[in-house]
$ cat coords-v2.pdb   # PDB, C-alpha atoms and all ligand atoms
ATOM      1  CA  MET V   1      14.394 -11.516  -5.985
ATOM      2  CA  ILE V   2      10.984 -13.082  -6.461
ATOM      3  CA  PHE V   3       8.381 -10.422  -7.131
ATOM      4  CA  ARG V   4       4.718 -10.924  -8.030
ATOM      5  CA  GLN V   5       2.054  -8.295  -8.560
ATOM      6  CA  LEU V   6      -1.419  -9.744  -7.967
ATOM      7  CA  PHE V   7      -4.634  -7.948  -8.861
ATOM      8  CA  ASP V   8      -8.022  -8.039  -7.122
ATOM      9  CA  LYS V   9     -10.615  -7.292  -9.795
ATOM     10  CA  THR V  10     -13.402  -6.301  -7.398
ATOM     11  CA  SER V  11     -11.506  -3.516  -5.625
ATOM     12  CA  SER V  12      -8.724  -2.912  -8.195
ATOM     13  CA  THR V  13      -6.213  -3.623  -5.431
ATOM     14  CA  TYR V  14      -2.639  -4.692  -6.068
ATOM     15  CA  THR V  15      -1.126  -7.201  -3.676
ATOM     16  CA  TYR V  16       2.622  -7.766  -3.775
ATOM     17  CA  LEU V  17       4.452 -10.972  -2.981
ATOM     18  CA  LEU V  18       8.173 -10.564  -2.309
ATOM     19  CA  ALA V  19      10.943 -12.976  -1.455
ATOM     20  CA  GLU V  20      14.692 -12.894  -1.727
ATOM     21  CA  ARG V  21      15.012 -16.412  -3.140
ATOM     22  CA  GLN V  22      13.177 -19.632  -3.932
ATOM     23  CA  GLY V  23      12.768 -21.784  -0.874
ATOM     24  CA  GLY V  24      13.103 -18.740   1.368
ATOM     25  CA  GLU V  25      10.932 -16.356   3.329
ATOM     26  CA  ALA V  26       8.152 -14.319   1.737
ATOM     27  CA  LEU V  27       6.172 -11.255   2.627
ATOM     28  CA  LEU V  28       2.849  -9.978   1.293
ATOM     29  CA  ILE V  29       1.781  -6.353   1.014
ATOM     30  CA  ASP V  30      -1.945  -5.471   1.063
ATOM     31  CA  PRO V  31      -3.502  -8.946   0.697
ATOM     32  CA  VAL V  32      -7.266  -9.133   0.020
ATOM     33  CA  LEU V  33      -9.372 -11.567   2.080
ATOM     34  CA  GLU V  34     -11.217 -13.133  -0.886
ATOM     35  CA  ASN V  35      -7.906 -14.071  -2.533
ATOM     36  CA  THR V  36      -6.343 -15.800   0.474
ATOM     37  CA  GLU V  37      -6.445 -19.255  -1.130
ATOM     38  CA  GLN V  38      -4.736 -17.940  -4.262
ATOM     39  CA  TYR V  39      -1.884 -16.447  -2.199
ATOM     40  CA  VAL V  40      -1.426 -19.593  -0.127
ATOM     41  CA  ARG V  41      -1.329 -21.771  -3.257
ATOM     42  CA  LEU V  42       1.142 -19.504  -5.064
ATOM     43  CA  ILE V  43       3.420 -19.342  -2.019
ATOM     44  CA  GLU V  44       3.379 -23.140  -1.887
ATOM     45  CA  GLU V  45       4.055 -23.464  -5.604
ATOM     46  CA  LEU V  46       7.043 -21.141  -5.317
ATOM     47  CA  ASN V  47       8.299 -23.143  -2.343
ATOM     48  CA  LEU V  48       8.217 -20.087  -0.086
ATOM     49  CA  LYS V  49       7.379 -19.637   3.562
ATOM     50  CA  LEU V  50       5.175 -16.660   4.373
ATOM     51  CA  VAL V  51       6.695 -14.870   7.366
ATOM     52  CA  LEU V  52       4.981 -11.487   7.232
ATOM     53  CA  ALA V  53       1.785  -9.901   5.901
ATOM     54  CA  VAL V  54       1.436  -6.114   6.059
ATOM     55  CA  ASP V  55      -1.085  -3.451   5.096
ATOM     56  CA  THR V  56       0.017  -0.016   3.934
ATOM     57  CA  HIS V  57      -2.988   1.466   5.799
ATOM     58  CA  ILE V  58      -6.500   0.593   6.967
ATOM     59  CA  HIS V  59      -8.315   0.082   3.682
ATOM     60  CA  ALA V  60     -11.869   1.269   3.099
ATOM     61  CA  ASP V  61     -12.518  -0.604  -0.131
ATOM     62  CA  HIS V  62     -11.676  -4.221   0.656
ATOM     63  CA  VAL V  63     -11.236  -6.508   3.637
ATOM     64  CA  THR V  64      -7.677  -7.447   4.541
ATOM     65  CA  ALA V  65      -6.411 -11.034   4.535
ATOM     66  CA  LEU V  66      -3.987 -10.401   7.406
ATOM     67  CA  GLY V  67      -5.983 -12.354   9.985
ATOM     68  CA  ALA V  68      -6.760 -15.255   7.631
ATOM     69  CA  LEU V  69      -3.122 -15.548   6.555
ATOM     70  CA  ARG V  70      -1.912 -15.492  10.148
ATOM     71  CA  GLU V  71      -4.332 -18.313  10.979
ATOM     72  CA  GLN V  72      -3.396 -20.392   7.949
ATOM     73  CA  SER V  73       0.349 -19.890   7.832
ATOM     74  CA  GLY V  74       1.328 -18.600  11.260
ATOM     75  CA  CYS V  75       2.915 -15.514   9.686
ATOM     76  CA  ALA V  76       3.407 -12.287  11.598
ATOM     77  CA  THR V  77       1.006  -9.481  10.719
ATOM     78  CA  ALA V  78       2.104  -5.866  10.758
ATOM     79  CA  MET V  79       0.667  -2.416  10.367
ATOM     80  CA  GLY V  80       2.046   0.987  11.163
ATOM     81  CA  ALA V  81       2.337   2.428  14.628
ATOM     82  CA  MET V  82      -0.356   4.949  13.676
ATOM     83  CA  THR V  83      -2.876   2.231  12.792
ATOM     84  CA  ARG V  84      -5.642   1.755  15.315
ATOM     85  CA  ALA V  85      -5.746  -2.013  14.977
ATOM     86  CA  GLU V  86      -5.016  -4.160  17.988
ATOM     87  CA  CYS V  87      -4.975  -7.418  16.085
ATOM     88  CA  VAL V  88      -1.555  -7.070  14.455
ATOM     89  CA  SER V  89       1.487  -8.678  16.023
ATOM     90  CA  VAL V  90       3.978  -6.002  14.934
ATOM     91  CA  HIS V  91       3.681  -2.223  14.644
ATOM     92  CA  PHE V  92       6.301  -0.535  12.473
ATOM     93  CA  ASN V  93       7.629   3.013  12.506
ATOM     94  CA  GLU V  94       9.366   5.287   9.993
ATOM     95  CA  GLY V  95      12.916   4.094   9.355
ATOM     96  CA  GLU V  96      12.356   0.525  10.531
ATOM     97  CA  LYS V  97      12.851  -2.447   8.212
ATOM     98  CA  LEU V  98      10.423  -5.169   7.141
ATOM     99  CA  ARG V  99      12.415  -8.324   6.464
ATOM    100  CA  ALA V 100      12.170 -11.562   4.515
ATOM    101  CA  ASP V 101      15.583 -13.250   4.557
ATOM    102  CA  LYS V 102      18.016 -10.571   3.322
ATOM    103  CA  LEU V 103      15.287  -8.519   1.674
ATOM    104  CA  GLN V 104      14.786  -5.303   3.647
ATOM    105  CA  LEU V 105      11.960  -2.892   3.010
ATOM    106  CA  GLU V 106      12.460   0.471   4.652
ATOM    107  CA  VAL V 107       9.345   1.953   6.214
ATOM    108  CA  LEU V 108       8.405   5.517   5.249
ATOM    109  CA  TYR V 109       5.565   7.260   7.080
ATOM    110  CA  THR V 110       3.531   8.929   4.324
ATOM    111  CA  PRO V 111       0.257  10.187   5.845
ATOM    112  CA  GLY V 112      -2.395  12.145   3.985
ATOM    113  CA  HIS V 113      -4.733   9.603   2.377
ATOM    114  CA  THR V 114      -5.177   8.364   5.940
ATOM    115  CA  ASP V 115      -3.217   9.207   9.071
ATOM    116  CA  ASP V 116      -1.899   5.625   9.107
ATOM    117  CA  SER V 117      -0.518   5.468   5.546
ATOM    118  CA  TYR V 118       2.976   4.053   5.057
ATOM    119  CA  SER V 119       5.181   3.342   2.040
ATOM    120  CA  PHE V 120       7.825   0.621   1.763
ATOM    121  CA  LEU V 121      11.121   1.200  -0.006
ATOM    122  CA  LEU V 122      13.528  -1.180  -1.730
ATOM    123  CA  PRO V 123      16.640   0.130  -3.521
ATOM    124  CA  ASP V 124      14.930   0.107  -6.930
ATOM    125  CA  ARG V 125      11.224   0.427  -6.122
ATOM    126  CA  VAL V 126       8.720   1.855  -3.691
ATOM    127  CA  PHE V 127       5.321   0.531  -2.626
ATOM    128  CA  THR V 128       3.289   3.681  -2.188
ATOM    129  CA  GLY V 129      -0.063   2.390  -0.908
ATOM    130  CA  ASP V 130      -2.709   5.014  -1.689
ATOM    131  CA  THR V 131      -0.352   7.944  -1.105
ATOM    132  CA  LEU V 132       0.947   8.048  -4.674
ATOM    133  CA  LEU V 133      -1.074   6.345  -7.400
ATOM    134  CA  ILE V 134      -0.216   6.187 -11.094
ATOM    135  CA  ARG V 135      -1.264   9.604 -12.452
ATOM    136  CA  GLY V 136      -3.262  10.157  -9.271
ATOM    137  CA  THR V 137      -3.114  10.354  -5.484
ATOM    138  CA  GLY V 138      -5.280   8.756  -2.812
ATOM    139  CA  ARG V 139      -8.331  10.713  -1.714
ATOM    140  CA  THR V 140      -7.985  12.676   1.524
ATOM    141  CA  ASP V 141     -11.605  13.241   2.521
ATOM    142  CA  PHE V 142     -12.134  10.551   5.183
ATOM    143  CA  GLN V 143     -10.279   8.319   7.709
ATOM    144  CA  ASN V 144      -8.402  11.367   9.046
ATOM    145  CA  GLY V 145      -7.213  12.200   5.564
ATOM    146  CA  ASP V 146      -5.290  15.454   5.289
ATOM    147  CA  PRO V 147      -4.292  17.001   1.950
ATOM    148  CA  ALA V 148      -1.576  19.190   3.526
ATOM    149  CA  ALA V 149       0.035  16.121   5.127
ATOM    150  CA  GLN V 150      -0.248  14.309   1.811
ATOM    151  CA  TYR V 151       1.531  17.167   0.042
ATOM    152  CA  ASP V 152       4.387  16.836   2.526
ATOM    153  CA  SER V 153       4.507  13.040   2.058
ATOM    154  CA  LEU V 154       4.563  13.426  -1.724
ATOM    155  CA  PHE V 155       6.848  16.409  -2.207
ATOM    156  CA  GLY V 156       8.918  15.973   0.939
ATOM    157  CA  LYS V 157       9.488  12.218   0.728
ATOM    158  CA  LEU V 158       8.344  10.210  -2.287
ATOM    159  CA  LEU V 159       9.275  12.673  -5.036
ATOM    160  CA  LYS V 160      12.714  13.043  -3.460
ATOM    161  CA  LEU V 161      13.533   9.413  -4.247
ATOM    162  CA  PRO V 162      15.821   8.803  -7.256
ATOM    163  CA  GLU V 163      13.788   9.491 -10.373
ATOM    164  CA  ASN V 164      14.100   6.010 -11.845
ATOM    165  CA  THR V 165      12.662   4.426  -8.683
ATOM    166  CA  LEU V 166       9.761   2.196  -9.721
ATOM    167  CA  VAL V 167       6.381   3.108  -8.232
ATOM    168  CA  TYR V 168       4.045   0.282  -7.252
ATOM    169  CA  PRO V 169       0.738   1.610  -5.853
ATOM    170  CA  ALA V 170      -1.991  -0.200  -3.908
ATOM    171  CA  HIS V 171      -4.556   0.351  -6.657
ATOM    172  CA  ASP V 172      -4.990   1.165 -10.277
ATOM    173  CA  TYR V 173      -8.291   1.735 -12.023
ATOM    174  CA  ASN V 174      -6.928   2.322 -15.527
ATOM    175  CA  GLY V 175      -4.897  -0.771 -16.325
ATOM    176  CA  MET V 176      -1.506   0.717 -15.380
ATOM    177  CA  THR V 177       0.725  -1.597 -13.356
ATOM    178  CA  VAL V 178       3.894   0.366 -12.588
ATOM    179  CA  SER V 179       5.349   3.834 -12.978
ATOM    180  CA  THR V 180       8.473   5.734 -11.940
ATOM    181  CA  ILE V 181       9.069   8.762  -9.747
ATOM    182  CA  ARG V 182      10.172  10.705 -12.850
ATOM    183  CA  GLU V 183       6.968   9.905 -14.740
ATOM    184  CA  GLU V 184       4.783  10.863 -11.824
ATOM    185  CA  ARG V 185       6.623  14.111 -11.198
ATOM    186  CA  HIS V 186       6.091  15.144 -14.817
ATOM    187  CA  TYR V 187       2.771  13.591 -15.798
ATOM    188  CA  ASN V 188       0.705  13.081 -12.645
ATOM    189  CA  PRO V 189      -1.940  15.819 -12.906
ATOM    190  CA  ARG V 190      -2.251  16.105  -9.104
ATOM    191  CA  LEU V 191       1.457  16.899  -8.784
ATOM    192  CA  GLN V 192       1.531  19.833 -11.183
ATOM    193  CA  VAL V 193       0.662  22.308  -8.404
ATOM    194  CA  SER V 194       2.596  25.459  -7.522
ATOM    195  CA  ASP V 195       2.494  25.030  -3.737
ATOM    196  CA  LYS V 196       0.881  23.279  -0.785
ATOM    197  CA  GLN V 197      -2.213  25.486  -0.729
ATOM    198  CA  ALA V 198      -2.883  24.752  -4.389
ATOM    199  CA  TYR V 199      -2.715  21.013  -3.639
ATOM    200  CA  VAL V 200      -5.045  21.384  -0.641
ATOM    201  CA  ASP V 201      -7.532  23.331  -2.776
ATOM    202  CA  LEU V 202      -7.320  20.716  -5.536
ATOM    203  CA  MET V 203      -7.974  17.827  -3.148
ATOM    204  CA  ASN V 204     -10.735  19.625  -1.247
ATOM    205  CA  GLY V 205     -12.457  20.398  -4.542
ATOM    206  CA  LEU V 206     -12.871  16.720  -5.480
ATOM    207  CA  LYS V 207     -16.402  15.443  -5.090
ATOM    208  CA  LEU V 208     -16.162  11.697  -4.521
ATOM    209  CA  ASP V 209     -18.659   9.047  -3.466
ATOM    210  CA  ASP V 210     -17.852   6.927  -0.426
ATOM    211  CA  PRO V 211     -16.280   3.559  -1.309
ATOM    212  CA  ARG V 212     -18.933   0.877  -1.622
ATOM    213  CA  LEU V 213     -17.464  -1.336   1.088
ATOM    214  CA  MET V 214     -16.347   1.379   3.503
ATOM    215  CA  ASP V 215     -18.837   0.676   6.295
ATOM    216  CA  ILE V 216     -17.897  -3.003   6.268
ATOM    217  CA  ALA V 217     -14.219  -2.814   5.441
ATOM    218  CA  VAL V 218     -12.950  -0.216   7.926
ATOM    219  CA  PRO V 219     -14.230  -1.893  11.110
ATOM    220  CA  ALA V 220     -13.332  -5.351   9.764
ATOM    221  CA  ASN V 221      -9.821  -4.223   8.905
ATOM    222  CA  ARG V 222      -9.266  -2.851  12.392
ATOM    223  CA  ALA V 223      -9.807  -6.475  13.411
ATOM    224  CA  CYS V 224      -7.413  -7.852  10.737
ATOM    225  CA  GLY V 225     -10.248  -8.938   8.460
ATOM    226  CA  ALA V 226     -12.685 -10.550  10.896
ATOM    227  CA  LEU V 227     -15.994  -9.862   9.124
ATOM    228  CA  ASN V 228     -18.134 -10.162  12.235
ATOM    229  CA  ALA V 229     -16.274  -7.143  13.596
ATOM    230  CA  ALA V 230     -18.305  -5.044  11.165
TER
HETATM  231 FE    FE S 301      -6.988   3.386   0.791
END

$ encode --input "coords-v2.pdb" --output "structure tokens"
Amino acid sequence: MIFRQLFDKTSSTYTYLLAERQGGEALLIDPVLENTEQYVRLIEELNLKLVLAVDTHIHADHVTALGALREQSGCATAMGAMTRAECVSVHFNEGEKLRADKLQLEVLYTPGHTDDSYSFLLPDRVFTGDTLLIRGTGRTDFQNGDPAAQYDSLFGKLLKLPENTLVYPAHDYNGMTVSTIREERHYNPRLQVSDKQAYVDLMNGLKLDDPRLMDIAVPANRACGALNAA
């Protein structure tokens, strides 16, 4: 498998490039508009063909490259069935597969950070978007966020994965690149709660500023990254 973790310094976003083999099909998870040229060049250098670009959810902190990549490479663009974006060509649901050649990512619906948050599962790793971060969890105080739903996504789905499953989040602000389900279960401070109510209270007690780009990014992302949509 070809696997690349790319980092956007401005928004601390991780973008993932995946392909089964050199010369084959590729997919991108959570691409950032400003880095489109970098992705296109890397895909060319690795002799890959981009077939699919997906977002784990509508982001509030950066503008998606989905539209730009579709224009440049003719790839399909996909977001979850719960995403209110009409610009994507494919909407996926829980249990469906995202494919690049024989690579198959299983879609998990993991709402809570937003009501359109999804995770993508390979046999040895999971892309958790902003549902599960390394030693953190995505905020739940806007975009139809819901801490009780997030508790269910975390404890009912993600933490039930095999404990050596690698965790690749959509962001990291502390220099961490990868974790495991076991590490997060034991050392993630947000996950050391006794029950759902304790998690809800913890999340509702956070006092966070709005993301700097939110008023631009959310409307633009509903239009697959068209900035004039903002
Ligand atoms: Fe987010």

$ closest_residue --input "coords-v2.pdb" --among "V:Asp115, V:Asp61, V:Asp101, V:Asp201" --to "ligand FE 301 (chain S)" --atoms "only C-alpha atoms and all ligand atoms"
V:Asp61

$ residues_near_ligand --input "coords-v2.pdb" --ligand "ligand FE 301 (chain S)" --cutoff "7 Å" --atoms "only C-alpha atoms and all ligand atoms" --output "PDB file with C-alpha atoms, keeping the file's coordinate frame"
ATOM      1  CA  HIS V  57      -2.988   1.466   5.799  1.00  0.00           C
ATOM      2  CA  ILE V  58      -6.500   0.593   6.967  1.00  0.00           C
ATOM      3  CA  HIS V  59      -8.315   0.082   3.682  1.00  0.00           C
ATOM      4  CA  ALA V  60     -11.869   1.269   3.099  1.00  0.00           C
ATOM      5  CA  ASP V  61     -12.518  -0.604  -0.131  1.00  0.00           C
ATOM      6  CA  HIS V 113      -4.733   9.603   2.377  1.00  0.00           C
ATOM      7  CA  ASP V 130      -2.709   5.014  -1.689  1.00  0.00           C
ATOM      8  CA  GLY V 138      -5.280   8.756  -2.812  1.00  0.00           C
TER       9      GLY V 138
END

$ residues_around --input "coords-v2.pdb" --residues "Phe92 (chain V)" --least-positions-apart "3" --cutoff "12 Å" --atoms "all atoms listed in the file" --output "list in words"
Val54, Asp55, Thr56, His57, Thr77, Ala78, Met79, Gly80, Ala81, Met82, Thr83, Val88, Ser89, Gly95, Glu96, Lys97, Leu98, Arg99, Leu105, Glu106, Val107, Leu108, Tyr109, Asp116, Ser117, Tyr118, Ser119 and Phe120 of chain V

$ atom_distance --input "coords-v2.pdb" --atom1 "CA of Leu18 (chain V)" --atom2 "CA of Leu48 (chain V)"
9.8 Å

$ resolve_selection --input "coords-v2.pdb" --expression "the PyMOL selection byres (((chain V and resi 139-142) around 10) and not hetatm)" --output "number ranges by chain"
V: 60, 111-115, 130-131, 136-138, 143-150, 200, 203-204, 206-208, 210

$ resolve_selection --input "coords-v2.pdb" --expression "the PyMOL selection byres (((chain V and resi 28) around 7) and not hetatm)" --output "short mmCIF file (atom, residue, chain, number, x, y, z; two decimals) with C-alpha atoms, in the frame of the given file"
data_model
loop_
_atom_site.label_atom_id
_atom_site.label_comp_id
_atom_site.auth_asym_id
_atom_site.auth_seq_id
_atom_site.Cartn_x
_atom_site.Cartn_y
_atom_site.Cartn_z
CA THR V 15 -1.13 -7.20 -3.68
CA TYR V 16 2.62 -7.77 -3.78
CA LEU V 17 4.45 -10.97 -2.98
CA LEU V 18 8.17 -10.56 -2.31
CA ALA V 26 8.15 -14.32 1.74
CA LEU V 27 6.17 -11.26 2.63
CA ILE V 29 1.78 -6.35 1.01
CA ASP V 30 -1.94 -5.47 1.06
CA PRO V 31 -3.50 -8.95 0.70
CA LEU V 52 4.98 -11.49 7.23
CA ALA V 53 1.78 -9.90 5.90
CA VAL V 54 1.44 -6.11 6.06
#

$ residues_around --input "coords-v2.pdb" --residues "Glu45 (chain V)" --least-positions-apart "6" --cutoff "12 Å" --atoms "all atoms listed in the file" --output "number ranges by chain"
V: 22-23, 38-39

$ build_atoms --input "coords-v2.pdb" --residues "region 126-142 of chain V" --atoms "N, CA, C and O atoms" --output "mmCIF file, in the frame of the given file"
data_model
loop_
_atom_site.group_PDB
_atom_site.id
_atom_site.type_symbol
_atom_site.label_atom_id
_atom_site.label_comp_id
_atom_site.auth_asym_id
_atom_site.auth_seq_id
_atom_site.Cartn_x
_atom_site.Cartn_y
_atom_site.Cartn_z
ATOM 1 N N VAL V 126 9.429 1.445 -4.905
ATOM 2 C CA VAL V 126 8.720 1.855 -3.691
ATOM 3 C C VAL V 126 7.252 1.448 -3.813
ATOM 4 O O VAL V 126 6.643 1.575 -4.878
ATOM 5 N N PHE V 127 6.728 0.904 -2.715
ATOM 6 C CA PHE V 127 5.321 0.531 -2.626
ATOM 7 C C PHE V 127 4.614 1.684 -1.916
ATOM 8 O O PHE V 127 4.875 1.935 -0.741
ATOM 9 N N THR V 128 3.770 2.387 -2.661
ATOM 10 C CA THR V 128 3.289 3.681 -2.188
ATOM 11 C C THR V 128 1.892 3.642 -1.585
ATOM 12 O O THR V 128 1.365 4.696 -1.215
ATOM 13 N N GLY V 129 1.290 2.449 -1.463
ATOM 14 C CA GLY V 129 -0.063 2.390 -0.908
ATOM 15 C C GLY V 129 -1.000 3.274 -1.711
ATOM 16 O O GLY V 129 -0.965 3.257 -2.947
ATOM 17 N N ASP V 130 -1.826 4.068 -0.998
ATOM 18 C CA ASP V 130 -2.709 5.014 -1.689
ATOM 19 C C ASP V 130 -2.171 6.439 -1.588
ATOM 20 O O ASP V 130 -2.891 7.394 -1.864
ATOM 21 N N THR V 131 -0.916 6.593 -1.175
ATOM 22 C CA THR V 131 -0.352 7.944 -1.105
ATOM 23 C C THR V 131 -0.083 8.458 -2.510
ATOM 24 O O THR V 131 -0.552 9.534 -2.893
ATOM 25 N N LEU V 132 0.662 7.688 -3.276
ATOM 26 C CA LEU V 132 0.947 8.048 -4.674
ATOM 27 C C LEU V 132 0.420 6.944 -5.567
ATOM 28 O O LEU V 132 0.862 5.792 -5.470
ATOM 29 N N LEU V 133 -0.544 7.284 -6.417
ATOM 30 C CA LEU V 133 -1.074 6.345 -7.400
ATOM 31 C C LEU V 133 -0.484 6.707 -8.761
ATOM 32 O O LEU V 133 0.194 7.727 -8.902
ATOM 33 N N ILE V 134 -0.727 5.884 -9.760
ATOM 34 C CA ILE V 134 -0.216 6.187 -11.094
ATOM 35 C C ILE V 134 -1.116 7.252 -11.716
ATOM 36 O O ILE V 134 -2.303 7.022 -11.919
ATOM 37 N N ARG V 135 -0.545 8.421 -11.922
ATOM 38 C CA ARG V 135 -1.264 9.604 -12.452
ATOM 39 C C ARG V 135 -2.391 10.040 -11.519
ATOM 40 O O ARG V 135 -3.376 10.625 -11.952
ATOM 41 N N GLY V 136 -2.262 9.731 -10.242
ATOM 42 C CA GLY V 136 -3.262 10.157 -9.271
ATOM 43 C C GLY V 136 -2.675 10.121 -7.875
ATOM 44 O O GLY V 136 -1.493 9.784 -7.676
ATOM 45 N N THR V 137 -3.495 10.478 -6.896
ATOM 46 C CA THR V 137 -3.114 10.354 -5.484
ATOM 47 C C THR V 137 -4.347 9.894 -4.722
ATOM 48 O O THR V 137 -5.468 10.096 -5.187
ATOM 49 N N GLY V 138 -4.143 9.259 -3.577
ATOM 50 C CA GLY V 138 -5.280 8.756 -2.812
ATOM 51 C C GLY V 138 -6.117 9.896 -2.252
ATOM 52 O O GLY V 138 -5.592 10.935 -1.843
ATOM 53 N N ARG V 139 -7.416 9.690 -2.241
ATOM 54 C CA ARG V 139 -8.331 10.713 -1.714
ATOM 55 C C ARG V 139 -7.998 11.031 -0.263
ATOM 56 O O ARG V 139 -7.467 10.178 0.467
ATOM 57 N N THR V 140 -8.367 12.230 0.177
ATOM 58 C CA THR V 140 -7.985 12.676 1.524
ATOM 59 C C THR V 140 -9.197 13.134 2.332
ATOM 60 O O THR V 140 -9.059 13.862 3.312
ATOM 61 N N ASP V 141 -10.394 12.667 1.932
ATOM 62 C CA ASP V 141 -11.605 13.241 2.521
ATOM 63 C C ASP V 141 -12.266 12.378 3.589
ATOM 64 O O ASP V 141 -13.368 12.675 4.026
ATOM 65 N N PHE V 142 -11.597 11.284 4.028
ATOM 66 C CA PHE V 142 -12.134 10.551 5.183
ATOM 67 C C PHE V 142 -10.998 9.812 5.860
ATOM 68 O O PHE V 142 -9.842 9.906 5.421
#
